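Here is coords.cif, consisting of mmCIF, C-alpha atoms and all ligand atoms; chains and numbers go by the auth columns:
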data_final
#
loop_
_atom_site.group_PDB
_atom_site.id
_atom_site.type_symbol
_atom_site.label_atom_id
_atom_site.label_comp_id
_atom_site.label_asym_id
_atom_site.label_seq_id
_atom_site.Cartn_x
_atom_site.Cartn_y
_atom_site.Cartn_z
_atom_site.B_iso_or_equiv
_atom_site.auth_seq_id
_atom_site.auth_asym_id
ATOM 1 C CA MET A 1 37.322 157.055 71.675 0.00 1 W
ATOM 2 C CA THR A 2 40.551 155.844 70.156 0.00 2 W
ATOM 3 C CA HIS A 3 41.974 152.727 68.582 0.00 3 W
ATOM 4 C CA VAL A 4 44.471 150.682 70.584 0.00 4 W
ATOM 5 C CA ILE A 5 47.328 148.363 69.612 0.00 5 W
ATOM 6 C CA THR A 6 47.377 145.178 71.675 0.00 6 W
ATOM 7 C CA ASP A 7 49.736 142.345 72.656 0.00 7 W
ATOM 8 C CA PRO A 8 49.772 140.440 69.329 0.00 8 W
ATOM 9 C CA CYS A 9 51.774 143.326 67.820 0.00 9 W
ATOM 10 C CA ILE A 10 54.696 142.491 70.114 0.00 10 W
ATOM 11 C CA ALA A 11 57.627 141.157 68.076 0.00 11 W
ATOM 12 C CA VAL A 12 55.695 141.581 64.798 0.00 12 W
ATOM 13 C CA CYS A 13 55.988 145.363 64.411 0.00 13 W
ATOM 14 C CA ASP A 14 55.666 145.182 60.633 0.00 14 W
ATOM 15 C CA THR A 15 54.324 148.772 60.500 0.00 15 W
ATOM 16 C CA ALA A 16 51.557 147.930 58.014 0.00 16 W
ATOM 17 C CA CYS A 17 49.261 150.109 60.123 0.00 17 W
ATOM 18 C CA VAL A 18 51.647 153.067 59.923 0.00 18 W
ATOM 19 C CA GLU A 19 51.439 153.021 56.133 0.00 19 W
ATOM 20 C CA VAL A 20 47.677 153.621 56.071 0.00 20 W
ATOM 21 C CA CYS A 21 47.079 155.951 59.026 0.00 21 W
ATOM 22 C CA PRO A 22 45.862 159.272 57.568 0.00 22 W
ATOM 23 C CA VAL A 23 46.959 161.301 60.586 0.00 23 W
ATOM 24 C CA ASP A 24 50.325 159.576 61.285 0.00 24 W
ATOM 25 C CA CYS A 25 49.407 158.828 64.882 0.00 25 W
ATOM 26 C CA ILE A 26 51.090 155.388 65.081 0.00 26 W
ATOM 27 C CA HIS A 27 54.651 155.257 66.402 0.00 27 W
ATOM 28 C CA PRO A 28 57.465 154.488 66.467 0.00 28 W
ATOM 29 C CA THR A 29 57.734 154.325 62.691 0.00 29 W
ATOM 30 C CA LYS A 30 60.658 152.416 61.197 0.00 30 W
ATOM 31 C CA GLU A 31 62.391 155.757 60.634 0.00 31 W
ATOM 32 C CA GLU A 32 62.122 156.391 64.376 0.00 32 W
ATOM 33 C CA TRP A 33 63.539 153.041 65.483 0.00 33 W
ATOM 34 C CA SER A 34 66.718 153.439 67.485 0.00 34 W
ATOM 35 C CA ASP A 35 69.459 150.832 67.343 0.00 35 W
ATOM 36 C CA ASP A 36 68.337 149.649 70.798 0.00 36 W
ATOM 37 C CA TYR A 37 64.782 149.292 69.555 0.00 37 W
ATOM 38 C CA LYS A 38 65.856 147.199 66.575 0.00 38 W
ATOM 39 C CA ALA A 39 68.044 145.026 68.802 0.00 39 W
ATOM 40 C CA SER A 40 65.138 144.106 71.071 0.00 40 W
ATOM 41 C CA LEU A 41 62.319 143.923 68.542 0.00 41 W
ATOM 42 C CA GLU A 42 61.047 140.680 70.074 0.00 42 W
ATOM 43 C CA LYS A 43 59.847 142.758 73.048 0.00 43 W
ATOM 44 C CA LYS A 44 58.559 145.767 71.116 0.00 44 W
ATOM 45 C CA GLN A 45 55.206 146.923 69.807 0.00 45 W
ATOM 46 C CA LEU A 46 53.794 150.064 68.212 0.00 46 W
ATOM 47 C CA TYR A 47 51.413 152.512 69.884 0.00 47 W
ATOM 48 C CA ILE A 48 48.483 154.688 68.803 0.00 48 W
ATOM 49 C CA ASN A 49 48.361 158.256 70.095 0.00 49 W
ATOM 50 C CA PRO A 50 44.889 158.542 71.638 0.00 50 W
ATOM 51 C CA GLU A 51 44.955 162.329 71.318 0.00 51 W
ATOM 52 C CA GLU A 52 45.437 162.178 67.540 0.00 52 W
ATOM 53 C CA CYS A 53 43.597 159.040 66.399 0.00 53 W
ATOM 54 C CA ILE A 54 40.447 159.970 64.452 0.00 54 W
ATOM 55 C CA ASP A 55 38.947 156.475 64.711 0.00 55 W
ATOM 56 C CA CYS A 56 38.804 155.985 60.971 0.00 56 W
ATOM 57 C CA GLY A 57 39.504 152.255 61.334 0.00 57 W
ATOM 58 C CA ALA A 58 41.824 152.121 58.317 0.00 58 W
ATOM 59 C CA CYS A 59 44.571 150.377 60.301 0.00 59 W
ATOM 60 C CA VAL A 60 42.414 147.501 61.552 0.00 60 W
ATOM 61 C CA PRO A 61 42.231 145.336 58.399 0.00 61 W
ATOM 62 C CA GLU A 62 45.904 145.987 57.590 0.00 62 W
ATOM 63 C CA CYS A 63 47.193 144.269 60.722 0.00 63 W
ATOM 64 C CA PRO A 64 48.302 140.685 59.966 0.00 64 W
ATOM 65 C CA VAL A 65 47.820 139.615 63.587 0.00 65 W
ATOM 66 C CA GLU A 66 44.546 141.459 64.332 0.00 66 W
ATOM 67 C CA ALA A 67 46.167 143.518 67.072 0.00 67 W
ATOM 68 C CA ILE A 68 44.166 146.740 66.626 0.00 68 W
ATOM 69 C CA TYR A 69 40.792 147.410 68.236 0.00 69 W
ATOM 70 C CA PRO A 70 38.556 150.389 68.989 0.00 70 W
ATOM 71 C CA ASP A 71 38.941 150.968 72.734 0.00 71 W
ATOM 72 C CA ASP A 72 35.287 150.132 73.379 0.00 72 W
ATOM 73 C CA THR A 73 35.581 146.646 71.873 0.00 73 W
ATOM 74 C CA LEU A 74 38.915 145.613 73.385 0.00 74 W
ATOM 75 C CA PRO A 75 39.092 141.990 74.532 0.00 75 W
ATOM 76 C CA ASP A 76 38.998 141.855 78.354 0.00 76 W
ATOM 77 C CA ASP A 77 42.573 140.579 78.514 0.00 77 W
ATOM 78 C CA GLN A 78 43.833 143.589 76.535 0.00 78 W
ATOM 79 C CA GLU A 79 42.411 146.409 78.667 0.00 79 W
ATOM 80 C CA HIS A 80 45.922 147.087 80.016 0.00 80 W
ATOM 81 C CA GLN A 81 46.930 148.290 76.569 0.00 81 W
ATOM 82 C CA ILE A 82 44.813 151.456 76.812 0.00 82 W
ATOM 83 C CA ALA A 83 47.249 152.802 79.417 0.00 83 W
ATOM 84 C CA ILE A 84 50.291 151.353 77.665 0.00 84 W
ATOM 85 C CA ASN A 85 49.453 153.084 74.357 0.00 85 W
ATOM 86 C CA GLU A 86 48.700 156.360 76.162 0.00 86 W
ATOM 87 C CA GLU A 87 51.843 156.252 78.299 0.00 87 W
ATOM 88 C CA TYR A 88 54.088 155.975 75.255 0.00 88 W
ATOM 89 C CA TYR A 89 53.082 159.549 74.371 0.00 89 W
ATOM 90 C CA ASN A 90 53.429 160.992 77.885 0.00 90 W
HETATM 91 S S1 LIG B . 41.917 154.309 63.490 0.00 101 Q
HETATM 92 FE FE1 LIG B . 42.628 155.616 61.782 0.00 101 Q
HETATM 93 S S2 LIG B . 43.479 157.406 62.796 0.00 101 Q
HETATM 94 FE FE2 LIG B . 43.329 155.831 64.358 0.00 101 Q
HETATM 95 S S3 LIG B . 45.297 154.826 64.348 0.00 101 Q
HETATM 96 FE FE3 LIG B . 43.990 153.658 62.963 0.00 101 Q
HETATM 97 S S4 LIG B . 44.375 154.531 60.944 0.00 101 Q
HETATM 98 FE FE4 LIG B . 45.182 155.991 62.457 0.00 101 Q
HETATM 99 S S1 LIG B . 49.993 146.277 61.617 0.00 102 Q
HETATM 100 FE FE1 LIG B . 49.614 145.175 63.547 0.00 102 Q
HETATM 101 S S2 LIG B . 51.479 143.980 63.923 0.00 102 Q
HETATM 102 FE FE2 LIG B . 51.962 145.509 62.363 0.00 102 Q
HETATM 103 S S3 LIG B . 52.830 147.215 63.546 0.00 102 Q
HETATM 104 FE FE3 LIG B . 50.641 147.632 63.274 0.00 102 Q
HETATM 105 S S4 LIG B . 49.646 146.780 65.100 0.00 102 Q
HETATM 106 FE FE4 LIG B . 51.718 145.910 64.995 0.00 102 Q
#
Please go through the file and, once you have read it, give me the structure as structure tokens.
Amino acid sequence: MTHVITDPCIAVCDTACVEVCPVDCIHPTKEEWSDDYKASLEKKQLYINPEECIDCGACVPECPVEAIYPDDTLPDDQEHQIAINEEYYN
């Protein structure tokens, strides 16, 4: 199991989740944002590395737009984000 970041993160990207993740598995962090990334933030989101997430749940209550779910409780219309989060790390 892993946690997954979903569509509501797009354009928000406030990185509140990054601050609390004990294993630093949420990227890109602000330090990793390229100039291109910053210039198109309205289309961007963050991603959880499914290989590193320990399912602690610490990020969930930090998200101001409730974008983070355990993969087994994802809303039906957010199932596509499992692959999207995973692909970011491939
Ligand atoms: S559930 Fe825990 S380990 Fe997984 S992304 Fe959130 S804070 Fe990080
Ligand atoms: S806290 Fe929520 S909105 Fe902010 S970067 Fe993380 S997933 Fe995106």
- Item | Within 9 Å of ligand LIG 101 (chain Q) (all atoms listed in the file), residues as a ChimeraX atom specification | /W:2-5,17-26,47-50,52-60,68-70
Wanna dump the chain W-ligand LIG 102 (chain Q) contacts at 6 Å for me, each residue with its shortest atom pair and the distance in Å to one decimal, counting only C-alpha atoms and all ligand atoms, ordered by chain and number, as a tab-separated table?
residue	atom	partner	partner_atom	distance
W:Ile5	CA	Q:LIG102	S4	5.3
W:Cys9	CA	Q:LIG102	FE4	3.8
W:Val12	CA	Q:LIG102	S2	4.9
W:Cys13	CA	Q:LIG102	S3	3.8
W:Asp14	CA	Q:LIG102	FE2	4.1
W:Thr15	CA	Q:LIG102	S3	3.7
W:Ala16	CA	Q:LIG102	S1	4.3
W:Cys17	CA	Q:LIG102	S1	4.2
W:Leu46	CA	Q:LIG102	S3	5.6
W:Glu62	CA	Q:LIG102	S1	5.7
W:Cys63	CA	Q:LIG102	S1	3.6
W:Pro64	CA	Q:LIG102	FE1	5.9
W:Val65	CA	Q:LIG102	S2	5.7
W:Ala67	CA	Q:LIG102	S4	5.2
W:Ile68	CA	Q:LIG102	S4	5.7
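As for atom CA of Ile82 of chain W and atom CA of Asp36 of chain W, they are spaced 24.3 Å apart.
Picture a line from atom CA of Tyr37 of chain W to atom CA of Met1 of chain W; it runs 28.6 Å.
The spacing separating atom CA of Asp77 of chain W from atom CA of Ser40 of chain W amounts to 24.0 Å.
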Could you spell out the hits of the PyMOL selection byres (((chain W and resi 88) around 9) and not hetatm) on the shown file, as a PDB file with C-alpha atoms, in the frame of the given file?
ATOM      1  CA  HIS W  27      54.651 155.257  66.402  1.00  0.00           C
ATOM      2  CA  TYR W  47      51.413 152.512  69.884  1.00  0.00           C
ATOM      3  CA  ILE W  48      48.483 154.688  68.803  1.00  0.00           C
ATOM      4  CA  ASN W  49      48.361 158.256  70.095  1.00  0.00           C
ATOM      5  CA  ALA W  83      47.249 152.802  79.417  1.00  0.00           C
ATOM      6  CA  ILE W  84      50.291 151.353  77.665  1.00  0.00           C
ATOM      7  CA  ASN W  85      49.453 153.084  74.357  1.00  0.00           C
ATOM      8  CA  GLU W  86      48.700 156.360  76.162  1.00  0.00           C
ATOM      9  CA  GLU W  87      51.843 156.252  78.299  1.00  0.00           C
ATOM     10  CA  TYR W  89      53.082 159.549  74.371  1.00  0.00           C
ATOM     11  CA  ASN W  90      53.429 160.992  77.885  1.00  0.00           C
TER      12      ASN W  90
END
Around segment 52-57 of chain W, with edges along x, y and z and 6 Å added on all six sides, what centre and edge lengths do you get, in Å to one decimal, as JSON?
{"center_x": 42.1, "center_y": 157.2, "center_z": 64.3, "size_x": 18.6, "size_y": 21.9, "size_z": 18.6}
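Take the candidates W:Pro28, W:Glu66, W:Asp71, W:Thr6 and check each one against Leu41 of chain W using all atoms listed in the file; the shortest distance goes to W:Pro28.
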- Nearest to His80 of chain W, restricted to all atoms listed in the file and choosing among W:Asp7, W:Glu51, W:Pro61, W:Asp35, comes out as W:Asp7
